[in-house]
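Shown next: structure-v7.csv, containing CSV, C-alpha atoms.
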```
chain,number,residue,atom,x,y,z
B,1,MET,CA,74.5,18.4,-21.7
B,2,LYS,CA,73.9,21.4,-19.4
B,3,ASN,CA,71.6,23.0,-21.9
B,4,LYS,CA,69.5,19.9,-22.2
B,5,PHE,CA,69.2,19.6,-18.4
B,6,THR,CA,68.2,23.3,-18.2
B,7,ALA,CA,65.7,22.8,-21.0
B,8,GLY,CA,64.2,19.8,-19.2
B,9,ILE,CA,63.8,21.8,-15.9
B,10,LEU,CA,62.2,24.6,-17.8
B,11,LEU,CA,59.8,22.2,-19.5
B,12,LEU,CA,58.8,20.6,-16.2
B,13,VAL,CA,58.2,24.0,-14.6
B,14,MET,CA,55.9,25.0,-17.5
B,15,MET,CA,53.9,21.8,-17.2
B,16,ILE,CA,53.4,22.3,-13.5
B,17,SER,CA,52.4,25.9,-14.1
B,18,ALA,CA,49.9,24.9,-16.8
B,19,SER,CA,48.5,22.2,-14.6
B,20,ALA,CA,48.0,24.7,-11.7
B,21,CYS,CA,46.3,27.2,-14.0
B,22,GLY,CA,44.0,24.5,-15.1
B,23,ILE,CA,42.8,23.9,-11.6
B,24,VAL,CA,42.2,27.6,-10.9
B,25,ASP,CA,40.4,28.3,-14.2
B,26,ASN,CA,38.4,25.1,-14.3
B,27,PRO,CA,34.8,26.3,-14.9
B,28,SER,CA,33.4,23.3,-13.1
B,29,GLN,CA,34.8,24.6,-9.9
B,30,GLU,CA,32.7,27.8,-10.1
B,31,VAL,CA,29.5,25.9,-10.5
B,32,HIS,CA,29.7,24.9,-6.8
B,33,GLN,CA,30.1,28.5,-5.6
B,34,THR,CA,26.7,29.7,-4.4
B,35,ASP,CA,25.9,33.3,-3.7
B,36,TYR,CA,23.0,33.5,-1.2
B,37,SER,CA,21.0,36.7,-1.1
B,38,GLU,CA,19.3,37.8,2.1
B,39,ALA,CA,16.0,36.7,0.8
B,40,ASP,CA,17.4,33.3,-0.1
B,41,VAL,CA,18.8,32.9,3.3
B,42,SER,CA,15.5,33.6,5.0
B,43,VAL,CA,13.7,31.1,2.8
B,44,SER,CA,16.4,28.5,3.1
B,45,THR,CA,16.4,28.8,6.9
B,46,ALA,CA,12.7,28.0,7.1
B,47,ASP,CA,13.1,25.1,4.7
B,48,VAL,CA,16.1,23.7,6.7
B,49,THR,CA,14.1,24.0,9.9
B,50,ALA,CA,11.3,21.9,8.5
B,51,GLN,CA,13.7,19.4,6.9
B,52,THR,CA,15.8,18.9,10.0
B,53,GLN,CA,12.9,17.9,12.2
B,54,PRO,CA,13.3,14.3,13.3
B,55,SER,CA,11.4,12.0,11.0
B,56,THR,CA,8.5,10.2,12.5
B,57,GLU,CA,8.3,6.5,12.0
B,58,ILE,CA,5.1,4.7,11.3
B,59,SER,CA,4.1,2.8,14.4
B,60,GLY,CA,2.1,0.1,12.6
B,61,ASP,CA,-0.9,0.7,14.9
B,62,ILE,CA,-4.1,0.5,12.9
B,63,MET,CA,-7.3,2.6,13.1
B,64,LYS,CA,-10.4,2.2,11.0
B,65,MET,CA,-12.5,4.9,9.4
B,66,THR,CA,-16.0,4.0,8.1
B,67,VAL,CA,-18.0,6.3,5.8
B,68,ASP,CA,-21.3,5.3,4.2
B,69,GLY,CA,-20.6,1.6,5.1
B,70,LYS,CA,-17.2,1.6,3.5
B,71,GLU,CA,-14.2,0.9,5.8
B,72,PHE,CA,-10.7,2.4,5.3
B,73,GLU,CA,-7.6,1.3,7.2
B,74,ILE,CA,-5.4,4.0,8.7
B,75,VAL,CA,-1.8,3.3,9.6
B,76,LEU,CA,-1.0,5.6,12.5
B,77,GLU,CA,2.2,7.6,13.2
B,78,ASN,CA,4.2,6.9,16.3
B,79,ASN,CA,3.6,10.2,18.0
B,80,GLU,CA,1.7,11.8,20.9
B,81,THR,CA,-1.0,13.2,18.6
B,82,ALA,CA,-2.0,9.8,17.3
B,83,ALA,CA,-1.8,8.3,20.8
B,84,ALA,CA,-4.2,11.0,22.1
B,85,LEU,CA,-6.6,10.5,19.2
B,86,LYS,CA,-6.6,6.8,20.0
B,87,GLU,CA,-7.8,7.6,23.5
B,88,MET,CA,-10.9,9.2,22.0
B,89,MET,CA,-12.0,6.1,20.2
B,90,PRO,CA,-14.6,5.1,19.1
B,91,LEU,CA,-15.5,8.5,17.6
B,92,THR,CA,-18.3,9.5,15.3
B,93,ILE,CA,-18.0,13.0,13.8
B,94,ASP,CA,-19.6,15.1,11.1
B,95,MET,CA,-16.9,16.5,8.8
B,96,SER,CA,-17.2,19.5,6.5
B,97,GLU,CA,-15.9,19.8,2.9
B,98,LEU,CA,-13.1,22.2,2.0
B,99,ASN,CA,-11.5,23.0,-1.4
B,100,GLY,CA,-12.5,19.8,-3.1
B,101,ASN,CA,-9.6,17.9,-1.5
B,102,GLU,CA,-10.3,17.5,2.3
B,103,LYS,CA,-12.8,17.0,5.0
B,104,TYR,CA,-12.3,18.6,8.4
B,105,LYS,CA,-13.7,18.7,11.9
B,106,TYR,CA,-12.8,21.0,14.9
B,107,LEU,CA,-12.8,18.6,17.8
B,108,ASP,CA,-14.0,19.6,21.3
B,109,THR,CA,-10.7,18.3,22.7
B,110,LYS,CA,-7.3,19.8,22.0
B,111,LEU,CA,-4.6,17.3,21.0
B,112,PRO,CA,-0.8,17.4,21.5
B,113,SER,CA,0.7,19.0,18.3
B,114,ALA,CA,4.1,19.4,16.7
B,115,PRO,CA,3.2,21.2,13.4
B,116,GLN,CA,5.7,21.2,10.5
B,117,LYS,CA,5.6,22.6,7.0
B,118,VAL,CA,4.9,19.3,5.2
B,119,GLY,CA,5.2,20.8,1.7
B,120,ASN,CA,3.2,18.1,0.0
B,121,ILE,CA,-0.1,16.4,0.9
B,122,SER,CA,-0.8,12.9,-0.3
B,123,ASN,CA,-4.2,11.4,-1.0
B,124,GLY,CA,-5.2,9.6,2.2
B,125,ASP,CA,-3.2,11.7,4.7
B,126,ILE,CA,-4.8,12.2,8.1
B,127,MET,CA,-3.4,15.3,9.8
B,128,LEU,CA,-4.1,17.8,12.6
B,129,TYR,CA,-4.3,21.5,11.8
B,130,GLY,CA,-3.6,23.6,14.9
B,131,ASP,CA,-4.4,21.6,18.0
B,132,ASN,CA,-7.9,20.5,17.4
B,133,CYS,CA,-8.8,20.4,13.7
B,134,LEU,CA,-8.8,16.8,12.3
B,135,VAL,CA,-8.3,16.7,8.6
B,136,VAL,CA,-8.8,13.8,6.1
B,137,PHE,CA,-7.2,14.6,2.7
B,138,TYR,CA,-8.6,12.8,-0.4
B,139,ASP,CA,-6.4,14.4,-3.0
B,140,SER,CA,-2.6,15.1,-3.5
B,141,PHE,CA,-1.3,18.7,-3.8
B,142,SER,CA,1.4,21.0,-2.5
B,143,THR,CA,0.7,23.3,0.5
B,144,PRO,CA,2.5,26.1,2.5
B,145,TYR,CA,0.6,25.2,5.7
B,146,SER,CA,1.8,23.4,8.7
B,147,TYR,CA,0.2,20.2,10.0
B,148,THR,CA,0.9,17.5,12.6
B,149,LYS,CA,0.9,14.1,11.0
B,150,ILE,CA,-1.5,11.5,12.4
B,151,GLY,CA,-1.6,8.7,9.9
B,152,HIS,CA,-2.3,7.6,6.3
B,153,ILE,CA,-5.1,5.6,4.7
B,154,SER,CA,-3.4,2.5,3.2
B,155,ASN,CA,-6.0,1.9,0.4
B,156,VAL,CA,-7.2,5.1,-1.3
B,157,SER,CA,-8.7,3.6,-4.4
B,158,GLU,CA,-12.3,4.5,-3.5
B,159,LEU,CA,-11.6,7.2,-1.0
B,160,ALA,CA,-12.4,10.3,-3.1
B,161,GLU,CA,-15.5,8.6,-4.5
B,162,THR,CA,-16.7,7.7,-1.0
B,163,LEU,CA,-16.1,11.0,0.6
B,164,GLY,CA,-17.7,12.9,-2.3
B,165,LYS,CA,-18.0,16.7,-2.5
B,166,GLY,CA,-20.2,17.5,0.6
B,167,GLY,CA,-20.2,16.9,4.3
B,168,ILE,CA,-19.8,13.4,5.6
B,169,THR,CA,-20.3,11.4,8.8
B,170,ALA,CA,-17.1,9.5,9.7
B,171,PHE,CA,-16.8,6.7,12.3
B,172,PHE,CA,-13.3,6.1,13.7
B,173,ARG,CA,-12.4,3.1,15.8
B,174,LEU,CA,-9.4,1.1,16.8
B,175,ASN,CA,-8.5,-2.2,15.2
B,176,ASP,CA,-8.6,-4.1,18.4
B,177,GLU,CA,-12.3,-5.2,18.5
B,178,GLU,CA,-12.6,-8.9,18.1
B,179,TYR,CA,-16.0,-10.6,17.9
B,180,THR,CA,-17.0,-14.1,18.8
B,181,VAL,CA,-20.0,-16.3,18.0
B,182,ASP,CA,-21.5,-15.3,21.3
B,183,ASP,CA,-21.3,-11.6,20.2
B,184,LEU,CA,-23.2,-12.6,17.0
B,185,HIS,CA,-25.9,-14.4,19.1
B,186,CYS,CA,-26.2,-11.4,21.5
B,187,LEU,CA,-26.6,-8.9,18.6
B,188,SER,CA,-29.1,-11.2,16.8
B,189,ASP,CA,-31.1,-11.6,20.0
B,190,PHE,CA,-31.2,-7.8,20.5
B,191,LEU,CA,-32.4,-7.3,16.9
B,192,HIS,CA,-35.2,-9.8,17.5
B,193,GLY,CA,-36.2,-8.1,20.7
B,194,ASN,CA,-35.0,-10.8,23.0
B,195,SER,CA,-32.6,-8.5,24.9
B,196,SER,CA,-32.3,-4.8,25.7
B,197,SER,CA,-29.4,-2.4,25.1
B,198,GLU,CA,-29.1,-2.1,28.8
B,199,GLU,CA,-28.3,-5.7,29.1
B,200,LEU,CA,-25.6,-5.3,26.4
B,201,ALA,CA,-24.2,-2.0,27.8
B,202,GLY,CA,-20.6,-1.4,26.8
B,203,LYS,CA,-20.7,-3.6,23.8
B,204,LYS,CA,-19.2,-2.2,20.6
B,205,TYR,CA,-21.7,-3.5,18.1
B,206,ASP,CA,-22.0,-0.3,16.0
B,207,LEU,CA,-19.6,-1.6,13.3
B,208,ASN,CA,-20.7,0.9,10.6
B,209,GLY,CA,-20.7,4.0,12.7
B,210,ASP,CA,-24.3,5.1,12.3
B,211,ASN,CA,-25.0,5.2,16.0
B,212,CYS,CA,-27.4,2.3,16.0
B,213,TRP,CA,-27.4,-1.5,16.0
B,214,ASP,CA,-29.0,-2.9,12.9
B,215,VAL,CA,-28.9,-5.8,10.4
B,216,LEU,CA,-25.9,-4.2,8.6
B,217,ASP,CA,-23.9,-4.4,11.9
B,218,LEU,CA,-24.9,-8.1,12.2
B,219,CYS,CA,-23.7,-8.8,8.6
B,220,LEU,CA,-20.4,-7.0,9.2
B,221,MET,CA,-19.8,-8.9,12.5
B,222,ARG,CA,-20.5,-12.2,10.7
B,223,LYS,CA,-18.0,-11.3,8.0
B,224,LYS,CA,-15.3,-10.4,10.6
B,225,ILE,CA,-15.9,-13.7,12.5
B,226,ASN,CA,-15.6,-15.7,9.2
B,227,MET,CA,-12.3,-13.9,8.4
B,228,HIS,CA,-10.6,-15.3,11.5
```
Any chance you could give the structure as structure tokens?
Amino acid sequence: MKNKFTAGILLLVMMISASACGIVDNPSQEVHQTDYSEADVSVSTADVTAQTQPSTEISGDIMKMTVDGKEFEIVLENNETAAALKEMMPLTIDMSELNGNEKYKYLDTKLPSAPQKVGNISNGDIMLYGDNCLVVFYDSFSTPYSYTKIGHISNVSELAETLGKGGITAFFRLNDEEYTVDDLHCLSDFLHGNSSSEELAGKKYDLNGDNCWDVLDLCLMRKKINMH
């Protein structure tokens, strides 16, 4: 009886020892051991710095960009940069081509900025490079550069085709302009020579951003009124 009891104890000890060895020698445990080199640490620190920045929520405010008569809707970020740009509206600027994927313009006014390494650019992104370079991207790609996010064009289906490969004139405006039938009559009277621009000073009737009031503005205004 004593021998059987001793044998049972010995067997139990061997099972516990085997189980413990299995935990120590389990290869899957070693997979989680990471040996960072000094180079890896420096790179990872930069990446973590960018990734731990507080994410910016989309505010839902809308801005419009018109190029060659085609209008694009921009959903703005909820940050100081977008707010400062809104204060500059309406804005007509000539933008230059760069790299076959973006249009840019150095503004006369510096904007608040909080640049981050964005890593990837998406087609339709509107960003600020530095503190005064407004950039409209019409292609998606990865980048090592830092930008401050401003907004994103919601419908990019015709963006690349519209922006083309050369310089463009872009007209930016807020989405708060509402027109009435009276506005339609005022613009129509102006185009027929029955009123002067001085009489209509302050009116935002340049709907297509070409710095003049014409029949196209009248058509766009009529379309907006019919949509309401």
> Which residues, written as a PyMOL selection string, have at least one atom at most 8 Å from range 148-161 of chain B, with all atoms listed in the file counted and residues fewer than 3 positions away on the same chain left out?
Replying inline: chain B and resi 58+72-77+79+81-82+113-116+123-130+138-139+164
>> Just to confirm, what's the straight-line distance from CA of Glu199 in chain B to CA of Asn226 in chain B in Å (one decimal)?
In response: 25.6 Å
> Of the candidates B:Tyr104, B:Phe172, B:Phe141, B:Tyr147, which shows the shortest atom-to-atom distance to Met89 in chain B, using only C-alpha atoms?
Replying inline: B:Phe172
> Interatomic distance between CA of Leu111 in chain B and CA of Gly209 in chain B?
Replying inline: 22.5 Å
At a cut-off of 12 Å, using all atoms listed in the file, what residues contact Arg222 in chain B? Leave out same-chain residues fewer than 6 positions from it and give the result as a compact mmCIF listing (two decimals) with C-alpha atoms, in the coordinates of the input.
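Writing done, so here's selection_8.txt:
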```
# COMPACT_ATOMS: atom_id res chain seq x y z
CA GLU B 178 -12.60 -8.90 18.10
CA TYR B 179 -16.00 -10.60 17.90
CA THR B 180 -17.00 -14.10 18.80
CA VAL B 181 -20.00 -16.30 18.00
CA ASP B 182 -21.50 -15.30 21.30
CA ASP B 183 -21.30 -11.60 20.20
CA LEU B 184 -23.20 -12.60 17.00
CA HIS B 185 -25.90 -14.40 19.10
CA LEU B 187 -26.60 -8.90 18.60
CA SER B 188 -29.10 -11.20 16.80
CA TYR B 205 -21.70 -3.50 18.10
CA LEU B 207 -19.60 -1.60 13.30
CA VAL B 215 -28.90 -5.80 10.40
CA LEU B 216 -25.90 -4.20 8.60
CA HIS B 228 -10.60 -15.30 11.50
```
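The space between CA of Asp131 in chain B and CA of Lys105 in chain B spans 11.5 Å.
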> For Glu177 in chain B, which of B:His192, B:Lys70, B:Lys165, B:Lys64 is the closest residue, counting only C-alpha atoms?
Replying inline: B:Lys64
> Which is closer to Met221 in chain B than all the others in B:Ala83, B:Cys186, B:Met95, B:Val67, using all atoms listed in the file?
Replying inline: B:Cys186
>> So, with all atoms listed in the file as the atoms that count, which of B:Val136, B:Ile62, B:Cys219, B:Val118 lies closest to Ser96 in chain B?
In response: B:Val136
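For the residues B:Glu80, B:Asp68, B:Asp206, B:Glu97, ranking by smallest atom-to-atom distance to Arg173 in chain B using all atoms listed in the file places B:Asp206 first.
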